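Below is input.txt, holding compact mmCIF, C-alpha atoms.
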# COMPACT_ATOMS: atom_id res chain seq x y z
CA MET A 1 -59.70 -8.05 -5.75
CA LEU A 2 -60.33 -11.80 -5.81
CA PRO A 3 -59.17 -14.00 -2.92
CA PRO A 4 -56.23 -16.38 -3.54
CA THR A 5 -58.58 -19.40 -3.50
CA ALA A 6 -60.40 -17.95 -6.52
CA TYR A 7 -57.51 -16.31 -8.39
CA LEU A 8 -54.58 -18.74 -8.24
CA PRO A 9 -54.09 -21.58 -10.76
CA SER A 10 -55.06 -25.05 -9.55
CA ILE A 11 -52.60 -26.56 -7.09
CA LYS A 12 -52.90 -30.02 -8.69
CA ALA A 13 -51.86 -28.73 -12.12
CA ILE A 14 -49.38 -25.96 -11.27
CA ALA A 15 -46.57 -27.53 -13.32
CA SER A 16 -48.74 -27.51 -16.46
CA TYR A 17 -49.21 -23.74 -16.50
CA PRO A 18 -46.96 -21.43 -18.55
CA VAL A 19 -44.31 -19.61 -16.55
CA ALA A 20 -45.90 -16.28 -17.51
CA THR A 21 -49.13 -17.34 -15.80
CA LEU A 22 -47.28 -18.36 -12.65
CA GLU A 23 -45.31 -15.10 -12.66
CA ASP A 24 -48.60 -13.22 -12.84
CA ALA A 25 -49.90 -15.23 -9.88
CA LEU A 26 -46.83 -14.31 -7.83
CA ARG A 27 -47.26 -10.62 -8.69
CA TYR A 28 -50.84 -10.88 -7.47
CA LEU A 29 -49.78 -12.48 -4.17
CA HIS A 30 -47.16 -9.77 -3.72
CA LEU A 31 -49.92 -7.15 -3.94
CA ILE A 32 -51.54 -8.76 -0.91
CA TYR A 33 -48.68 -10.05 1.20
CA ASN A 34 -45.73 -7.83 0.25
CA PRO A 35 -45.05 -5.87 3.48
CA PRO A 36 -45.73 -2.14 2.98
CA VAL A 37 -43.21 0.49 4.08
CA ARG A 38 -44.78 3.06 6.39
CA GLY A 39 -45.14 6.55 4.95
CA SER A 40 -44.01 5.68 1.44
CA ARG A 41 -47.18 6.50 -0.50
CA ARG A 42 -47.37 10.04 -1.84
CA ARG A 43 -50.77 11.68 -1.96
CA ARG A 44 -52.13 11.86 -5.49
CA VAL A 45 -55.09 13.50 -7.15
CA LEU A 46 -58.39 12.40 -5.62
CA SER A 47 -59.55 10.03 -8.37
CA VAL A 48 -56.29 8.10 -8.40
CA LYS A 49 -55.99 8.11 -4.62
CA SER A 50 -59.55 6.87 -4.16
CA LYS A 51 -59.09 3.91 -6.53
CA GLN A 52 -55.73 3.13 -4.97
CA ARG A 53 -57.24 3.29 -1.50
CA GLU A 54 -60.01 0.88 -2.53
CA ASP A 55 -57.38 -1.61 -3.70
CA GLU A 56 -55.40 -1.14 -0.49
CA LEU A 57 -58.44 -1.81 1.67
CA ALA A 58 -59.26 -4.95 -0.32
CA ALA A 59 -55.67 -6.18 0.04
CA GLU A 60 -55.69 -5.44 3.78
CA GLU A 61 -58.87 -7.47 4.21
CA LEU A 62 -57.38 -10.43 2.36
CA ARG A 63 -54.08 -10.08 4.26
CA ASP A 64 -55.95 -10.51 7.54
CA ASP A 65 -57.90 -13.56 6.34
CA THR A 66 -56.15 -16.55 7.95
CA PHE A 67 -57.85 -19.07 5.66
CA GLU A 68 -56.70 -17.26 2.51
CA ARG A 69 -53.17 -16.86 3.91
CA ALA A 70 -53.04 -20.58 4.69
CA TYR A 71 -54.14 -21.36 1.13
CA ALA A 72 -51.50 -18.99 -0.29
CA ILE A 73 -48.82 -20.77 1.78
CA LYS A 74 -50.04 -24.16 0.53
CA TRP A 75 -50.07 -22.91 -3.08
CA LEU A 76 -46.55 -21.45 -2.87
CA SER A 77 -45.24 -24.66 -1.29
CA ALA A 78 -46.78 -26.67 -4.11
CA LEU A 79 -45.31 -24.33 -6.73
CA ILE A 80 -41.81 -24.79 -5.29
CA ALA A 81 -42.23 -28.56 -5.02
CA GLN A 82 -43.65 -29.07 -8.53
CA CYS A 83 -41.53 -26.55 -10.46
CA GLY A 84 -38.32 -26.52 -8.47
CA GLY A 85 -36.79 -29.58 -10.08
CA GLY A 86 -36.20 -28.07 -13.53
CA GLY A 87 -37.73 -29.21 -16.79
CA ASP A 88 -37.38 -29.36 -20.52
CA ASP A 89 -39.93 -26.69 -21.39
CA ALA A 90 -38.15 -24.21 -23.64
CA GLU A 91 -40.25 -21.31 -22.45
CA GLU A 92 -39.53 -22.08 -18.81
CA ASP A 93 -35.80 -22.20 -19.47
CA ASP A 94 -35.77 -18.90 -21.34
CA SER A 95 -33.18 -16.51 -19.95
CA GLU A 96 -34.46 -12.97 -19.56
CA GLY A 97 -31.34 -10.89 -19.16
CA GLU A 98 -30.53 -12.17 -15.68
CA GLY A 99 -27.17 -13.78 -16.50
CA THR A 100 -27.48 -17.57 -16.39
CA THR A 101 -30.52 -17.47 -14.16
CA THR A 102 -33.58 -18.86 -15.93
CA ARG A 103 -37.14 -17.70 -15.60
CA ARG A 104 -37.94 -20.92 -13.75
CA GLU A 105 -35.17 -20.31 -11.21
CA LEU A 106 -36.30 -16.72 -10.69
CA LEU A 107 -39.87 -17.92 -10.26
CA ILE A 108 -38.86 -20.38 -7.54
CA GLU A 109 -36.62 -17.82 -5.84
CA ASN A 110 -39.44 -15.27 -5.72
CA ALA A 111 -41.91 -17.89 -4.52
CA ALA A 112 -39.56 -18.92 -1.71
CA SER A 113 -39.14 -15.31 -0.60
CA LEU A 114 -42.87 -14.73 -0.56
CA LEU A 115 -43.48 -18.03 1.23
CA ALA A 116 -41.10 -16.93 3.99
CA THR A 117 -43.05 -13.70 4.37
CA CYS A 118 -46.46 -15.40 4.38
CA ALA A 119 -45.28 -18.07 6.82
CA GLY A 120 -44.15 -15.55 9.39
CA THR A 121 -40.41 -15.02 8.87
CA ALA A 122 -41.20 -11.31 8.76
CA SER A 123 -42.28 -11.47 12.38
CA ALA A 124 -38.73 -12.53 13.27
CA GLY A 125 -37.40 -9.36 11.68
CA ILE A 126 -36.42 -10.67 8.22
CA VAL A 127 -38.62 -9.13 5.53
CA THR A 128 -38.39 -9.82 1.81
CA ARG A 129 -40.04 -7.35 -0.53
CA GLN A 130 -40.51 -7.02 -4.24
CA LEU A 131 -40.98 -3.40 -5.30
CA VAL A 132 -42.16 -2.54 -8.79
CA PHE A 133 -41.71 0.89 -10.39
CA GLU A 134 -43.08 2.17 -13.67
CA VAL A 135 -40.48 4.04 -15.77
CA PRO A 136 -42.38 6.13 -18.35
CA ALA A 137 -39.16 7.29 -20.04
CA LEU A 138 -38.30 3.72 -20.99
CA ASP A 139 -41.73 2.89 -22.41
CA ALA A 140 -41.18 -0.73 -21.43
CA LEU A 141 -41.96 -3.18 -18.67
CA PRO A 142 -41.68 -1.88 -15.10
CA ILE A 143 -38.49 -2.48 -13.16
CA THR A 144 -38.58 -4.89 -10.23
CA ILE A 145 -36.37 -4.66 -7.15
CA LYS A 146 -35.90 -7.59 -4.78
CA LEU A 147 -35.13 -6.32 -1.31
CA THR A 148 -34.39 -7.96 2.04
CA ASP A 149 -34.57 -6.18 5.40
CA VAL A 150 -32.85 -7.71 8.43
CA PRO A 151 -33.28 -7.04 12.16
CA LEU A 152 -31.40 -4.30 14.00
CA ASP A 153 -28.26 -5.42 15.83
CA ASN A 154 -29.38 -5.58 19.46
CA GLN A 155 -31.52 -2.50 18.76
CA ASP A 156 -28.32 -0.55 17.92
CA TYR A 157 -29.41 2.71 16.26
CA GLY A 158 -26.39 2.56 13.97
CA SER A 159 -27.90 -0.44 12.21
CA VAL A 160 -31.16 1.27 11.19
CA GLY A 161 -30.03 1.02 7.56
CA ALA A 162 -30.71 -2.71 7.69
CA GLN A 163 -34.37 -1.86 7.15
CA THR A 164 -36.15 0.00 4.36
CA TRP A 165 -37.63 3.40 5.23
CA GLY A 166 -40.26 5.52 3.52
CA GLY A 167 -37.91 8.20 2.19
CA ALA A 168 -35.95 5.65 0.15
CA CYS A 169 -39.19 4.33 -1.39
CA ILE A 170 -40.26 7.85 -2.31
CA MET A 171 -36.91 8.75 -3.86
CA ALA A 172 -36.79 5.50 -5.83
CA GLU A 173 -40.30 6.11 -7.17
CA MET A 174 -39.49 9.72 -8.11
CA ILE A 175 -36.30 8.66 -9.91
CA ALA A 176 -38.26 6.06 -11.86
CA GLU A 177 -40.87 8.65 -12.83
CA ASP A 178 -38.27 11.14 -14.14
CA PRO A 179 -34.68 9.82 -14.31
CA GLY A 180 -33.40 12.99 -15.97
CA ALA A 181 -34.53 15.16 -13.05
CA PHE A 182 -32.25 13.08 -10.82
CA GLY A 183 -29.15 13.44 -12.97
CA LEU A 184 -29.38 10.25 -15.01
CA PRO A 185 -28.41 10.47 -18.70
CA LYS A 186 -30.81 10.10 -21.57
CA GLN A 187 -31.00 6.86 -23.51
CA GLY A 188 -28.02 6.52 -25.85
CA ASN A 189 -25.87 9.06 -23.99
CA ARG A 190 -22.34 7.63 -23.98
CA ARG A 191 -20.74 10.08 -21.56
CA PRO A 192 -19.56 8.08 -18.53
CA SER A 193 -20.95 9.29 -15.22
CA ARG A 194 -20.57 8.38 -11.57
CA CYS A 195 -23.36 8.17 -8.99
CA LEU A 196 -22.96 7.83 -5.23
CA GLU A 197 -25.48 6.98 -2.53
CA LEU A 198 -24.71 7.98 1.05
CA GLY A 199 -26.20 5.81 3.79
CA ALA A 200 -27.60 3.39 1.22
CA GLY A 201 -29.06 1.02 3.82
CA THR A 202 -30.85 -1.80 2.00
CA GLY A 203 -29.82 -0.18 -1.30
CA LEU A 204 -33.25 0.57 -2.77
CA VAL A 205 -32.27 3.91 -4.35
CA SER A 206 -29.04 2.58 -5.87
CA LEU A 207 -30.74 -0.59 -7.06
CA THR A 208 -33.46 1.44 -8.76
CA ILE A 209 -30.88 3.62 -10.50
CA GLY A 210 -28.98 0.50 -11.53
CA LYS A 211 -32.06 -1.10 -13.09
CA ILE A 212 -32.83 2.11 -15.00
CA VAL A 213 -29.33 2.70 -16.41
CA GLU A 214 -29.12 -0.99 -17.32
CA ARG A 215 -32.19 -0.47 -19.52
CA LEU A 216 -30.85 2.85 -20.85
CA GLY A 217 -27.57 1.23 -21.87
CA CYS A 218 -25.56 4.18 -20.54
CA PRO A 219 -22.03 3.94 -19.05
CA VAL A 220 -23.02 4.83 -15.48
CA HIS A 221 -21.34 3.44 -12.39
CA ILE A 222 -23.15 3.52 -9.05
CA MET A 223 -21.45 3.33 -5.66
CA ALA A 224 -23.70 2.42 -2.72
CA THR A 225 -22.14 3.17 0.67
CA ASP A 226 -22.84 2.66 4.35
CA TYR A 227 -20.67 2.11 7.40
CA TYR A 228 -22.34 -0.36 9.78
CA PRO A 229 -21.06 -3.96 9.23
CA SER A 230 -24.41 -5.80 9.25
CA VAL A 231 -25.95 -3.11 7.04
CA LEU A 232 -23.13 -3.43 4.50
CA GLU A 233 -23.46 -7.20 4.53
CA ASN A 234 -27.19 -6.98 3.79
CA LEU A 235 -26.60 -4.26 1.17
CA GLU A 236 -24.13 -6.51 -0.64
CA ARG A 237 -26.64 -9.37 -0.50
CA ASN A 238 -29.33 -7.19 -2.08
CA VAL A 239 -26.95 -6.06 -4.83
CA ARG A 240 -26.06 -9.67 -5.66
CA SER A 241 -29.74 -10.60 -5.68
CA ASN A 242 -30.53 -7.93 -8.29
CA PHE A 243 -27.30 -7.76 -10.31
CA GLN A 244 -25.67 -11.17 -10.43
CA GLY A 245 -22.08 -10.67 -11.55
CA LYS A 246 -22.75 -7.35 -13.29
CA PRO A 247 -20.39 -4.38 -12.69
CA ILE A 248 -23.14 -1.74 -12.71
CA LEU A 249 -23.25 -1.26 -8.96
CA SER A 250 -20.61 -1.67 -6.26
CA THR A 251 -20.63 -1.21 -2.50
CA SER A 252 -18.14 0.29 -0.08
CA ARG A 253 -17.80 1.38 3.53
CA LEU A 254 -17.99 5.14 4.07
CA ASP A 255 -18.00 6.70 7.53
CA TRP A 256 -18.98 10.37 7.21
CA SER A 257 -17.51 11.25 10.60
CA THR A 258 -13.96 10.23 9.64
CA PHE A 259 -13.85 10.40 5.83
CA CYS A 260 -12.49 13.94 5.61
CA HIS A 261 -9.72 13.20 8.09
CA VAL A 262 -8.39 10.15 6.26
CA GLU A 263 -5.36 11.26 4.25
CA SER A 264 -5.21 8.28 1.92
CA LYS A 265 -8.64 7.84 0.33
CA GLU A 266 -9.71 4.60 -1.32
CA ALA A 267 -9.27 4.64 -5.09
CA LEU A 268 -13.06 4.55 -5.50
CA PHE A 269 -13.35 7.93 -3.77
CA GLN A 270 -10.41 9.73 -5.38
CA GLU A 271 -12.53 10.91 -8.31
CA PRO A 272 -15.61 13.06 -7.58
CA PHE A 273 -19.17 12.01 -8.41
CA ASP A 274 -21.60 13.67 -10.83
CA VAL A 275 -24.70 12.96 -8.72
CA ILE A 276 -25.10 11.98 -5.06
CA TYR A 277 -28.21 10.66 -3.32
CA GLY A 278 -29.33 10.31 0.29
CA ALA A 279 -32.63 9.20 1.82
CA ASP A 280 -33.56 9.00 5.52
CA ILE A 281 -29.99 9.76 6.57
CA ILE A 282 -30.37 12.71 8.98
CA TYR A 283 -31.20 11.46 12.47
CA GLU A 284 -28.33 12.84 14.58
CA ALA A 285 -27.34 16.47 15.17
CA LEU A 286 -23.92 16.18 13.48
CA HIS A 287 -25.04 14.29 10.39
CA ALA A 288 -25.63 17.40 8.26
CA THR A 289 -22.18 18.78 9.13
CA TRP A 290 -20.45 15.48 8.37
CA ILE A 291 -22.33 15.09 5.10
CA LYS A 292 -21.39 18.60 3.98
CA SER A 293 -17.72 17.83 4.62
CA CYS A 294 -18.03 14.68 2.51
CA LEU A 295 -19.84 16.51 -0.30
CA GLU A 296 -17.12 19.16 -0.47
CA ILE A 297 -14.77 16.37 -1.53
CA LEU A 298 -17.07 13.95 -3.32
CA LEU A 299 -19.49 16.16 -5.33
CA ARG A 300 -17.97 17.26 -8.60
CA LYS A 301 -17.53 21.02 -9.09
CA PRO A 302 -19.43 22.61 -11.99
CA THR A 303 -17.73 22.58 -15.39
CA SER A 304 -18.71 23.71 -18.86
CA SER A 305 -19.63 20.11 -19.76
CA PHE A 306 -21.46 19.29 -16.51
CA ASP A 307 -22.64 22.51 -14.93
CA ASP A 308 -24.98 21.30 -12.19
CA PRO A 309 -23.83 18.37 -10.04
CA ILE A 310 -26.51 17.81 -7.38
CA PHE A 311 -26.95 16.06 -4.04
CA HIS A 312 -30.55 14.80 -3.85
CA LEU A 313 -31.74 14.42 -0.26
CA ILE A 314 -35.06 13.28 1.21
CA ILE A 315 -35.63 13.35 4.97
CA PRO A 316 -38.74 12.81 7.09
CA LEU A 317 -39.91 15.81 9.11
CA ARG A 318 -40.50 13.96 12.37
CA ALA A 319 -41.56 15.85 15.48
CA THR A 320 -39.16 13.66 17.46
CA HIS A 321 -36.24 14.68 15.24
CA ALA A 322 -37.14 18.31 14.51
CA PHE A 323 -33.76 19.60 15.67
CA GLU A 324 -31.86 17.16 13.45
CA SER A 325 -34.04 18.00 10.43
CA ASN A 326 -33.53 21.72 10.95
CA THR A 327 -29.76 21.32 10.79
CA ILE A 328 -29.96 20.92 7.01
CA GLU A 329 -30.95 24.55 6.47
CA GLU A 330 -28.50 25.70 9.12
CA VAL A 331 -25.55 23.90 7.55
CA PHE A 332 -26.56 24.55 3.92
CA GLN A 333 -27.62 28.12 3.16
CA MET A 334 -30.25 28.91 0.53
CA HIS A 335 -29.02 29.64 -3.00
CA LYS A 336 -29.25 33.34 -3.89
CA SER A 337 -27.41 33.82 -7.17
CA ASP A 338 -27.51 32.29 -10.65
CA GLU A 339 -23.91 33.10 -11.54
CA LYS A 340 -21.98 30.13 -12.87
CA LEU A 341 -18.38 28.95 -13.12
CA ARG A 342 -17.01 31.27 -10.46
CA ASP A 343 -14.25 29.86 -8.28
CA ASP A 344 -15.78 30.71 -4.90
CA VAL A 345 -18.81 28.41 -5.07
CA GLU A 346 -20.14 26.74 -1.93
CA LEU A 347 -22.72 24.07 -1.19
CA VAL A 348 -26.21 25.57 -1.00
CA VAL A 349 -29.85 24.49 -1.08
CA LYS A 350 -31.10 25.08 -4.63
CA HIS A 351 -34.57 23.61 -4.22
CA LYS A 352 -36.85 22.46 -1.43
CA GLN A 353 -40.12 20.59 -1.78
CA VAL A 354 -42.46 19.25 0.90
CA ILE A 355 -43.93 15.81 0.17
CA VAL A 356 -46.97 14.54 2.06
CA CYS A 357 -47.64 10.81 2.28
CA ASP A 358 -50.37 8.69 3.78
CA ALA A 359 -48.99 6.99 6.87
CA GLY A 360 -50.52 3.67 5.88
CA SER A 361 -51.62 3.06 9.46
CA GLY A 362 -55.30 2.68 8.66
CA LYS A 363 -56.11 5.84 10.63
CA HIS A 364 -57.96 8.37 8.50
CA GLY A 365 -55.89 11.46 7.72
CA GLU A 366 -52.68 10.29 9.40
CA GLU A 367 -49.73 11.44 7.35
CA VAL A 368 -45.95 11.42 7.12
CA VAL A 369 -44.23 14.55 5.79
CA TYR A 370 -40.87 14.66 4.02
CA ALA A 371 -38.59 17.40 2.75
CA TYR A 372 -36.84 16.92 -0.59
CA TYR A 373 -33.70 19.03 -1.05
CA LYS A 374 -31.53 19.60 -4.10
CA ILE A 375 -28.14 20.74 -2.84
CA GLY A 376 -25.40 21.87 -5.20
CA TRP A 377 -22.66 24.37 -5.84
CA GLY A 378 -23.77 28.00 -5.81
CA PHE A 379 -23.70 31.24 -3.86
CA ALA A 380 -25.39 32.00 -0.59
CA SER A 381 -24.95 35.75 -0.91
Render the structure in this file as structure tokens.
Amino acid sequence: MLPPTAYLPSIKAIASYPVATLEDALRYLHLIYNPPVRGSRRRRVLSVKSKQREDELAAEELRDDTFERAYAIKWLSALIAQCGGGGDDAEEDDSEGEGTTTRRELLIENAASLLATCAGTASAGIVTRQLVFEVPALDALPITIKLTDVPLDNQDYGSVGAQTWGGACIMAEMIAEDPGAFGLPKQGNRRPSRCLELGAGTGLVSLTIGKIVERLGCPVHIMATDYYPSVLENLERNVRSNFQGKPILSTSRLDWSTFCHVESKEALFQEPFDVIYGADIIYEALHATWIKSCLEILLRKPTSSFDDPIFHLIIPLRATHAFESNTIEEVFQMHKSDEKLRDDVELVVKHKQVIVCDAGSGKHGEEVVYAYYKIGWGFAS
């Protein structure tokens, strides 16, 4: 991996380069300075992992080089100054499916976000990321998610959703790899469907789904929910950043602890959902119980036209939260029967998979372990 001083277009002539070249330069800088999420990299086969690890080590070395970082900051500042005033170049003013936002405007917006990260805003608790996921089913360009994390409110544990956690990254990547396995329709499917994310936090999972269904052209509506005020505010900001004025994805407040006791539900929650998602949302003893109560109302029951509504859940298996993690299999029994369309179905665990990730700490062999559950309607006995 070349250093920024060798790779980036000349500062003096930035404005003369095609937008595509400048976009490529920003993608390169993101590889180096985009803040990684701890425990979000699944272990692959050795050959892939080894090459990936080589790239990671090279990026880490460049990230720690103060001279190269200073040059990157200078280059980004020059890009914003030289290209931020607009221009008559037809290519630069090409709209690429982002509403009225031009490629030039997107370029400057992304450069400003990365400049804030390089210049140290991240150390104050505000982190801007750009995550890119390949979607083999679409056979097209990767999808890109712009994401902002904000600080916790006075270290209040209820505001942890203001930051992006490894489980959400893993789920988003898995959905991108195989949308159908996570309940998303095939391209051209015109049957309307409803998706819900519980404890959406920064919104990464919902945003990924939104980008995919936008490409698929399917009538899917996604509802991203959380309950903490500052988390919801940041979630809404991330949705606007990725879907300007588009009705694909909406947000709403949902408090699991009280939802079932509210007699008059919001209109958005009066119809059940076909698929529900949750990542990194079990960190208190009662969470599993509250979530089950919500699912009993919000997860659609099986029908002849949609026979397997599923709640997809990924949680970290932390030693410090072992009791909380274990509550999942206490609250949801394992599925034991393949009978369908009986009236006495209950929510059960239909599938469990253990996912091992590199911790990303630089310590050899350190890992983060997750459990992926598929929970749906079935029979425990």
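Among the candidates A:Ile328, A:Ala13, A:Cys260, A:Leu115, the one nearest to Ala285 of chain A when counting all atoms listed in the file is A:Ile328.
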Point to revise | Shortest interatomic distance to Glu68 of chain A - which of A:Arg104, A:Thr148, A:Lys246, A:Tyr7, counting only C-alpha atoms | key: A:Tyr7
Practice item. Taking the point (-48.6, -20.2, -3.4) as given in the file, collect each protein or nucleic acid residue that comes within 12 Å of it, counting all atoms listed in the file, and present the set as a PyMOL selection string. Key: chain A and resi 4-5+7-12+14+22-30+33+68-83+107-108+110-119
Could you give me, as a tab-separated table, a per-residue list for segment 116-226 of chain A showing, wherever an atom lies at most 10 Å from an atom of segment 248-254 of chain A, the closest pair of atoms and their distance in Å to one decimal, using only C-alpha atoms and sorting by chain then residue number from low to high?
residue	atom	partner	partner_atom	distance
A:Cys195	CA	A:Leu249	CA	9.4
A:Leu196	CA	A:Thr251	CA	9.7
A:Glu197	CA	A:Thr251	CA	9.5
A:Leu198	CA	A:Leu254	CA	7.9
A:Gly199	CA	A:Leu254	CA	8.2
A:Ala200	CA	A:Thr251	CA	9.1
A:Gly203	CA	A:Thr251	CA	9.3
A:Ser206	CA	A:Leu249	CA	7.6
A:Leu207	CA	A:Leu249	CA	7.8
A:Ile209	CA	A:Leu249	CA	9.2
A:Gly210	CA	A:Ile248	CA	6.4
A:Lys211	CA	A:Ile248	CA	9.0
A:Val213	CA	A:Ile248	CA	8.5
A:Glu214	CA	A:Ile248	CA	7.6
A:Pro219	CA	A:Ile248	CA	8.6
A:Val220	CA	A:Ile248	CA	7.1
A:His221	CA	A:Ile248	CA	5.5
A:Ile222	CA	A:Leu249	CA	4.8
A:Met223	CA	A:Ser250	CA	5.1
A:Ala224	CA	A:Thr251	CA	4.8
A:Thr225	CA	A:Ser252	CA	5.0
A:Asp226	CA	A:Arg253	CA	5.3
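Every protein, DNA or RNA residue with an atom at most 7 Å from segment 263-277 of chain A, where all atoms listed in the file count and chain neighbours fewer than 3 positions away do not, is listed here: Gly183, Ser193, Arg194, Cys195, Leu196, Glu197, Leu198, Ile297, Leu298, Leu299, Arg300, Pro309, Ile310, Phe311, His312 and Leu313 of chain A.
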Practice item. Have a look at A:Ile375, A:Val368, A:Met334, A:Val356 and name the one nearest to Glu296 of chain A; count only C-alpha atoms. Key: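 Nearest to Glu296 of chain A: A:Ile375.
Every polymer residue reaching to within 9 Å of (-36.5, -4.7, -12.7), counting only C-alpha atoms, appears in this list: Leu131, Val132, Phe133, Leu141, Pro142, Ile143, Thr144, Ile145, Lys146, Thr208, Lys211, Ile212 and Asn242 of chain A.
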